[in-house]
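All remarks here apply to the structure that follows.
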Amino acid sequence: SLVSMRLLLDHAAENNYGVPAFNVNNLEQVLSIMKAAEETESPVILQVSRGARSYAGENFVRHLILAATETWPQIPVCLHQDHGNSPATCYSAIRFGFTSVMMDGSLREDAKTPADFDYNAGVTREVVRVAHKIGVSVEGELGCLGSLETGKGDKEDGHGFEGTLSREQLLTDPSEAEAFVHATRVDALAVAIGTSHGAYKFKQKPTGDVLVISRIKEIHDKIPNTHIVMHGSSSVPEDLRLKINQFGGEIPETYGVPVEEIQKGIKNGVRKINIDTDLRLAWTAAVREVMGTKPSEFDPRTFLKPAMKAMQDVCRDRFVSFGTAGHA
Ligand code: G3H
Ligand code: 13P
Ligand code: NA
Ligand code: ZN
């Protein structure tokens with residue numbers, strides 16, 4: 001059944017686990033995630049970006065998720081708007097039946113210009129007022145996702161901005177987080193601790209120097225009743241990247257967030273872990289392999305079944321590693 005994010009994450013906090021939030025755009029992604037959740041008895045967060053809503057269309061998004069809850073009535077599912085760029089985006093999601101919305105006021109509505117604290121707190125507070133009246137949860141974001149190596153905000157996905165930022169400008173400030181939660185009453189807060197969106201997070205295997213796990217604890221201590229969210233949490237598995245390249249792809253050497261680092265994050269208060277890139281890589285590796293090895297095939301199902309299996313493998317792995325398994 002469809003549930004709010006607050007309900008899922010309160011349970012995760014009480015039982016010290018994390019919940020992966022997978023981005024979905026289509027039937028195959030929804031099926032892969034739900035099958036992995038069934039296998040591992042895990043609660044699910046399906047998140048939908050603005051791009052996904054326009055790709056599939058509002059009715060398809062809504063009915064894909066309703067089909068999932070009808071097929072697996074025993075699995076709690078949260079339908080979440082990822083990176084809502086304005087109150088209007090969040091309200092339209094709520095009208096379409098989303099049980100949770102992210103009001104990302106860390107950037108202005110164009111998603112390119114940095115926002116000041118007052119703008120961010122203002123739009124987020126406005127969404128919380130409306131959403132909480134009808135039991136919908138709200139995630140906010142404070143800080144700038146981006147690379148501590150280069151000082152670049154993560155512009156690739158249109159979620160960051162120009163120029164080079166200092167370490168302190170990139171990281172979420174714990175006292176500011178406290179003031180933000182006090183002002184907005186958000187259920188969950190996305191924080192910047194050195195992760196960034198997309199496949200190109202780190203040129204070398206990340207260590208404690210590029211991800212600041214200690215900052216999570218400092219933030220959590222200030223806002224113990226607000227659930228911490230880690231965006232840009234794909235691990236960019238090397239085997240998937242190598243398989244893509246083996247079958248004609250060109251993805252240069254790159255690293256994501258190691259699963260062990262996410263596990264440390266969960267120990268320090270992270271409850272929602274956003275993952276999109278890893279499912280994209282799994283899909284692409286599987287489709288390229290079939291296309292490369294079975295050139296006479298043209299039935300889409302011969303490509304999409306292995307793609308689903310590869311995505312399901314990633315999801316199963318995350319449900320188990322994050323401790324979500326067994327909590328549906
Ligand atoms: O944060 C971004 C997510 O990976 C969604 O990406 O906007 O291309 O759908 P998208
Ligand atoms: P990745 O690009 O690391 O998968 O992050 C996805 C994300 O944060 C969606 O909001
Ligand atoms: Na989100
Ligand atoms: Zn994100």
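Here, A, B, ... name the chains of the structure tokens in the order displayed, residue numbers run from 1 inside each chain, and ligands are numbered from 1 in the same displayed order.
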
ask   = Can you list, as a ChimeraX atom specification, every residue of region 216-270 of chain A that DSSP puts in alpha helix (DSSP H)?
value = /A:216-222,238-246,259-267

Keeping only C-alpha atoms, take the residues you just selected and write them out as a PDB file, in the first residue's frame.
```
ATOM      1  CA  ILE A 216      26.527  13.515   9.176  1.00  0.00           C
ATOM      2  CA  LYS A 217      26.817  12.855  12.893  1.00  0.00           C
ATOM      3  CA  GLU A 218      27.285  16.553  13.636  1.00  0.00           C
ATOM      4  CA  ILE A 219      24.124  17.342  11.675  1.00  0.00           C
ATOM      5  CA  HIS A 220      22.166  14.426  13.142  1.00  0.00           C
ATOM      6  CA  ASP A 221      23.028  15.550  16.695  1.00  0.00           C
ATOM      7  CA  LYS A 222      21.444  18.955  15.928  1.00  0.00           C
ATOM      8  CA  GLU A 238      33.230  -1.165 -11.763  1.00  0.00           C
ATOM      9  CA  ASP A 239      31.975  -4.456 -13.223  1.00  0.00           C
ATOM     10  CA  LEU A 240      29.027  -2.667 -14.829  1.00  0.00           C
ATOM     11  CA  ARG A 241      31.236   0.079 -16.261  1.00  0.00           C
ATOM     12  CA  LEU A 242      33.681  -2.486 -17.657  1.00  0.00           C
ATOM     13  CA  LYS A 243      30.865  -4.521 -19.197  1.00  0.00           C
ATOM     14  CA  ILE A 244      29.450  -1.420 -20.869  1.00  0.00           C
ATOM     15  CA  ASN A 245      32.882  -0.691 -22.328  1.00  0.00           C
ATOM     16  CA  GLN A 246      33.437  -4.331 -23.323  1.00  0.00           C
ATOM     17  CA  VAL A 259      28.533   0.830  -0.183  1.00  0.00           C
ATOM     18  CA  GLU A 260      30.662   0.680   3.006  1.00  0.00           C
ATOM     19  CA  GLU A 261      30.678   4.498   3.178  1.00  0.00           C
ATOM     20  CA  ILE A 262      26.875   4.497   2.905  1.00  0.00           C
ATOM     21  CA  GLN A 263      26.743   1.922   5.701  1.00  0.00           C
ATOM     22  CA  LYS A 264      28.812   4.289   7.866  1.00  0.00           C
ATOM     23  CA  GLY A 265      26.370   7.042   6.949  1.00  0.00           C
ATOM     24  CA  ILE A 266      23.439   4.888   8.065  1.00  0.00           C
ATOM     25  CA  LYS A 267      25.172   4.257  11.413  1.00  0.00           C
TER      26      LYS A 267
END
```

inquiry  = 7 Å from ligand 3 is the threshold here; counting only C-alpha atoms and all ligand atoms, which polymer residues fall inside it? Answer as a list in words.
reply    =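 Going residue by residue within 7 Å of ligand 3, we get Gln47, His80, Gln81, Asp82, His83, Met102, Glu139 and Asn274 of chain A.
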
Would you export the selected residues with C-alpha atoms as a CSV table (one decimal), in the first residue's frame, please?
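The new file part29.csv reads:
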```csv
chain,number,residue,atom,x,y,z
A,47,GLN,CA,11.1,8.5,-6.7
A,80,HIS,CA,8.2,10.6,-3.8
A,81,GLN,CA,8.7,13.7,-6.0
A,82,ASP,CA,12.5,13.9,-6.5
A,83,HIS,CA,13.9,17.5,-6.7
A,102,MET,CA,11.1,17.1,-2.1
A,139,GLU,CA,12.1,16.6,2.1
A,274,ASN,CA,19.1,8.2,-3.5
```

Could you list, with a cut-off of 10 Å and counting only C-alpha atoms and all ligand atoms, the residues of chain A near ligand 1, each shown with its nearest atom pair and the distance in Å rounded to one decimal, rows sorted by chain and ascending number, as a Markdown table?
```
| residue | atom | partner | partner_atom_place_in_ligand_line | distance |
| --- | --- | --- | --- | --- |
| A:Phe22 | CA | ligand 1 | 4 (O) | 9.0 |
| A:Asn23 | CA | ligand 1 | 5 (C) | 6.5 |
| A:Val24 | CA | ligand 1 | 9 (O) | 8.1 |
| A:Asn25 | CA | ligand 1 | 9 (O) | 7.6 |
| A:Gln47 | CA | ligand 1 | 5 (C) | 8.6 |
| A:Val48 | CA | ligand 1 | 9 (O) | 7.2 |
| A:Ser49 | CA | ligand 1 | 9 (O) | 4.9 |
| A:Arg50 | CA | ligand 1 | 7 (O) | 6.2 |
| A:Gly51 | CA | ligand 1 | 9 (O) | 4.5 |
| A:Ala52 | CA | ligand 1 | 9 (O) | 5.1 |
| A:Arg53 | CA | ligand 1 | 9 (O) | 8.4 |
| A:Ser54 | CA | ligand 1 | 9 (O) | 9.3 |
| A:Tyr55 | CA | ligand 1 | 9 (O) | 8.6 |
| A:Asp82 | CA | ligand 1 | 1 (O) | 6.9 |
| A:His83 | CA | ligand 1 | 1 (O) | 6.6 |
| A:Glu156 | CA | ligand 1 | 2 (C) | 9.9 |
| A:Asp157 | CA | ligand 1 | 2 (C) | 6.5 |
| A:Gly158 | CA | ligand 1 | 7 (O) | 8.1 |
| A:His159 | CA | ligand 1 | 1 (O) | 7.3 |
| A:Ser196 | CA | ligand 1 | 1 (O) | 9.1 |
| A:His197 | CA | ligand 1 | 1 (O) | 6.1 |
| A:Gly198 | CA | ligand 1 | 4 (O) | 6.7 |
| A:Ala199 | CA | ligand 1 | 4 (O) | 9.8 |
| A:His231 | CA | ligand 1 | 1 (O) | 7.4 |
| A:Gly232 | CA | ligand 1 | 1 (O) | 7.2 |
| A:Ser233 | CA | ligand 1 | 4 (O) | 9.9 |
| A:Ser234 | CA | ligand 1 | 4 (O) | 9.5 |
| A:Asn274 | CA | ligand 1 | 1 (O) | 8.1 |
| A:Ile275 | CA | ligand 1 | 4 (O) | 7.2 |
| A:Asp276 | CA | ligand 1 | 4 (O) | 4.9 |
| A:Thr277 | CA | ligand 1 | 4 (O) | 6.4 |
| A:Asp278 | CA | ligand 1 | 4 (O) | 9.8 |
| A:Arg280 | CA | ligand 1 | 4 (O) | 9.4 |
```

request  = Within region 41-76 of chain A, find each residue whose DSSP state, derived from the backbone, is strand (DSSP E or B), and express the selection as an MDAnalysis selection string.
outcome  = chainID A and resid 44:48

Keeping only C-alpha atoms, write the selected residues as a compact mmCIF listing (two decimals), in the first residue's frame.
```
# COMPACT_ATOMS: atom_id res chain seq x y z
CA VAL A 44 10.25 0.79 -1.00
CA ILE A 45 10.70 4.43 -1.97
CA LEU A 46 10.01 5.01 -5.66
CA GLN A 47 11.06 8.50 -6.66
CA VAL A 48 10.08 10.37 -9.76
```

query = Neighbours of region 124-131 of chain A within 6 Å (only C-alpha atoms; same-chain residues fewer than 2 positions away dropped), as a list in words?
reply =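 Here the qualifying residues turn out to be Pro87, Met103, Ala121, Gly122, Lys133, Ile134, Val136 and Thr184 of chain A.
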
query = Using only C-alpha atoms, which residue out of A:Ile33, A:Val257, A:Ile193, A:Met291 lies closest to Lys309 (chain A)?
reply = A:Ile33

query = Contacts of Ser4 (chain A) at 6 Å or less, counting only C-alpha atoms, minus same-chain residues fewer than 2 places along, as an MDAnalysis selection string?
reply = chainID A and resid 6:7 78 99:100 136:137

Generate the output file for the selected residues, N, CA and C atoms, as a tab-separated table (two decimals), in the first residue's frame.
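Below is the file part25.tsv, written as the result:
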```
chain	number	residue	atom	x	y	z
A	6	ARG	N	7.40	9.72	5.95
A	6	ARG	CA	7.60	9.84	7.40
A	6	ARG	C	7.44	8.47	8.06
A	7	LEU	N	6.38	7.76	7.66
A	7	LEU	CA	6.10	6.45	8.25
A	7	LEU	C	7.27	5.49	8.00
A	78	CYS	N	6.40	4.17	-0.86
A	78	CYS	CA	6.28	5.63	-0.82
A	78	CYS	C	6.53	6.15	-2.23
A	99	THR	N	2.97	10.58	-2.12
A	99	THR	CA	2.83	10.59	-0.67
A	99	THR	C	3.99	11.32	0.01
A	100	SER	N	4.89	11.87	-0.82
A	100	SER	CA	6.05	12.58	-0.31
A	100	SER	C	6.58	13.47	-1.43
A	136	VAL	N	1.12	14.26	3.71
A	136	VAL	CA	2.21	14.07	2.76
A	136	VAL	C	3.51	14.56	3.41
A	137	SER	N	4.59	13.81	3.25
A	137	SER	CA	5.88	14.17	3.85
A	137	SER	C	6.65	15.12	2.94
```

Using only C-alpha atoms, determine which residues lie at most 8 Å from Gly143 (chain A), disregarding the query and same-chain residues fewer than 5 positions distant; provide the list as a PDB file with C-alpha atoms, in the first residue's frame.
```pdb
ATOM      1  CA  SER A 106      18.802  24.872  -2.378  1.00  0.00           C
ATOM      2  CA  GLN A 169      30.591  26.271   1.020  1.00  0.00           C
ATOM      3  CA  LEU A 170      30.003  22.749  -0.297  1.00  0.00           C
ATOM      4  CA  LEU A 171      29.188  21.069   3.007  1.00  0.00           C
ATOM      5  CA  THR A 172      25.946  21.466   4.926  1.00  0.00           C
ATOM      6  CA  ASP A 173      26.517  23.513   8.072  1.00  0.00           C
ATOM      7  CA  VAL A 191      22.634  17.185   3.107  1.00  0.00           C
ATOM      8  CA  ALA A 192      25.860  17.822   1.228  1.00  0.00           C
TER       9      ALA A 192
END
```

ask   = Quick one: of A:Pro76, A:Glu70, A:Ser1, A:Gly194, who's nearest to Gly153 (chain A), counting only C-alpha atoms?
value =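 Closest candidate: A:Gly194.
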
task = Please provide the set of residues having any atom within 12 Å of Ala325 (chain A), restricted to only C-alpha atoms, with same-chain residues fewer than 6 positions apart removed, written as a PyMOL selection string.
result = chain A and resi 12+15+17-20+36-44+75+315-319

Could you save those same residues with N, CA and C atoms as a tab-separated table (two decimals), in the first residue's frame?
```tsv
chain	number	residue	atom	x	y	z
A	12	ALA	N	12.56	3.14	10.01
A	12	ALA	CA	13.99	2.92	9.72
A	12	ALA	C	14.85	3.48	10.85
A	15	ASN	N	14.78	1.35	13.94
A	15	ASN	CA	15.46	0.07	13.78
A	15	ASN	C	16.84	0.18	13.13
A	17	TYR	N	18.15	1.27	10.28
A	17	TYR	CA	18.51	0.91	8.90
A	17	TYR	C	18.26	2.09	7.97
A	18	GLY	N	18.65	1.92	6.69
A	18	GLY	CA	18.43	2.95	5.68
A	18	GLY	C	17.52	2.40	4.59
A	19	VAL	N	16.88	3.30	3.85
A	19	VAL	CA	16.01	2.88	2.76
A	19	VAL	C	16.52	3.49	1.45
A	20	PRO	N	16.86	2.64	0.48
A	20	PRO	CA	17.25	3.21	-0.81
A	20	PRO	C	16.03	3.83	-1.48
A	36	ALA	N	12.82	-7.09	-6.36
A	36	ALA	CA	13.90	-7.16	-5.35
A	36	ALA	C	13.33	-6.92	-3.95
A	37	ALA	N	12.36	-6.03	-3.86
A	37	ALA	CA	11.73	-5.75	-2.55
A	37	ALA	C	10.96	-6.98	-2.07
A	38	GLU	N	10.29	-7.65	-2.99
A	38	GLU	CA	9.54	-8.86	-2.62
A	38	GLU	C	10.49	-9.93	-2.09
A	39	GLU	N	11.56	-10.16	-2.86
A	39	GLU	CA	12.56	-11.18	-2.48
A	39	GLU	C	13.13	-10.92	-1.10
A	40	THR	N	13.39	-9.64	-0.79
A	40	THR	CA	14.11	-9.31	0.43
A	40	THR	C	13.17	-8.78	1.53
A	41	GLU	N	11.88	-8.73	1.21
A	41	GLU	CA	10.87	-8.20	2.16
A	41	GLU	C	11.24	-6.81	2.65
A	42	SER	N	11.41	-5.92	1.68
A	42	SER	CA	11.85	-4.55	2.00
A	42	SER	C	10.77	-3.53	1.68
A	43	PRO	N	10.67	-2.49	2.51
A	43	PRO	CA	9.84	-1.34	2.13
A	43	PRO	C	10.52	-0.56	0.99
A	44	VAL	N	9.74	0.21	0.24
A	44	VAL	CA	10.25	0.79	-1.00
A	44	VAL	C	9.96	2.29	-1.07
A	75	ILE	N	3.75	-4.92	0.45
A	75	ILE	CA	4.96	-4.09	0.50
A	75	ILE	C	4.59	-2.61	0.63
A	315	CYS	N	19.36	-3.69	-6.87
A	315	CYS	CA	18.41	-3.33	-5.81
A	315	CYS	C	18.49	-4.31	-4.64
A	316	ARG	N	18.56	-5.61	-4.96
A	316	ARG	CA	18.66	-6.61	-3.90
A	316	ARG	C	19.88	-6.32	-3.03
A	317	ASP	N	21.00	-6.07	-3.71
A	317	ASP	CA	22.25	-5.81	-3.01
A	317	ASP	C	22.10	-4.61	-2.06
A	318	ARG	N	21.46	-3.53	-2.52
A	318	ARG	CA	21.31	-2.34	-1.68
A	318	ARG	C	20.34	-2.60	-0.52
A	319	PHE	N	19.22	-3.30	-0.78
A	319	PHE	CA	18.26	-3.60	0.30
A	319	PHE	C	18.96	-4.39	1.41
```

message = Could you tell me how far CA of Ala285 (chain A) sits from CA of Arg271 (chain A), in Å to one decimal place?
response = 28.8 Å

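The spacing separating CA of Thr207 (chain A) from atom 1 (P, counted along the ligand's line) of ligand 2 amounts to 18.1 Å.
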
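Put simply, CA of Ser166 (chain A) is 6.0 Å away from CA of Gly151 (chain A).
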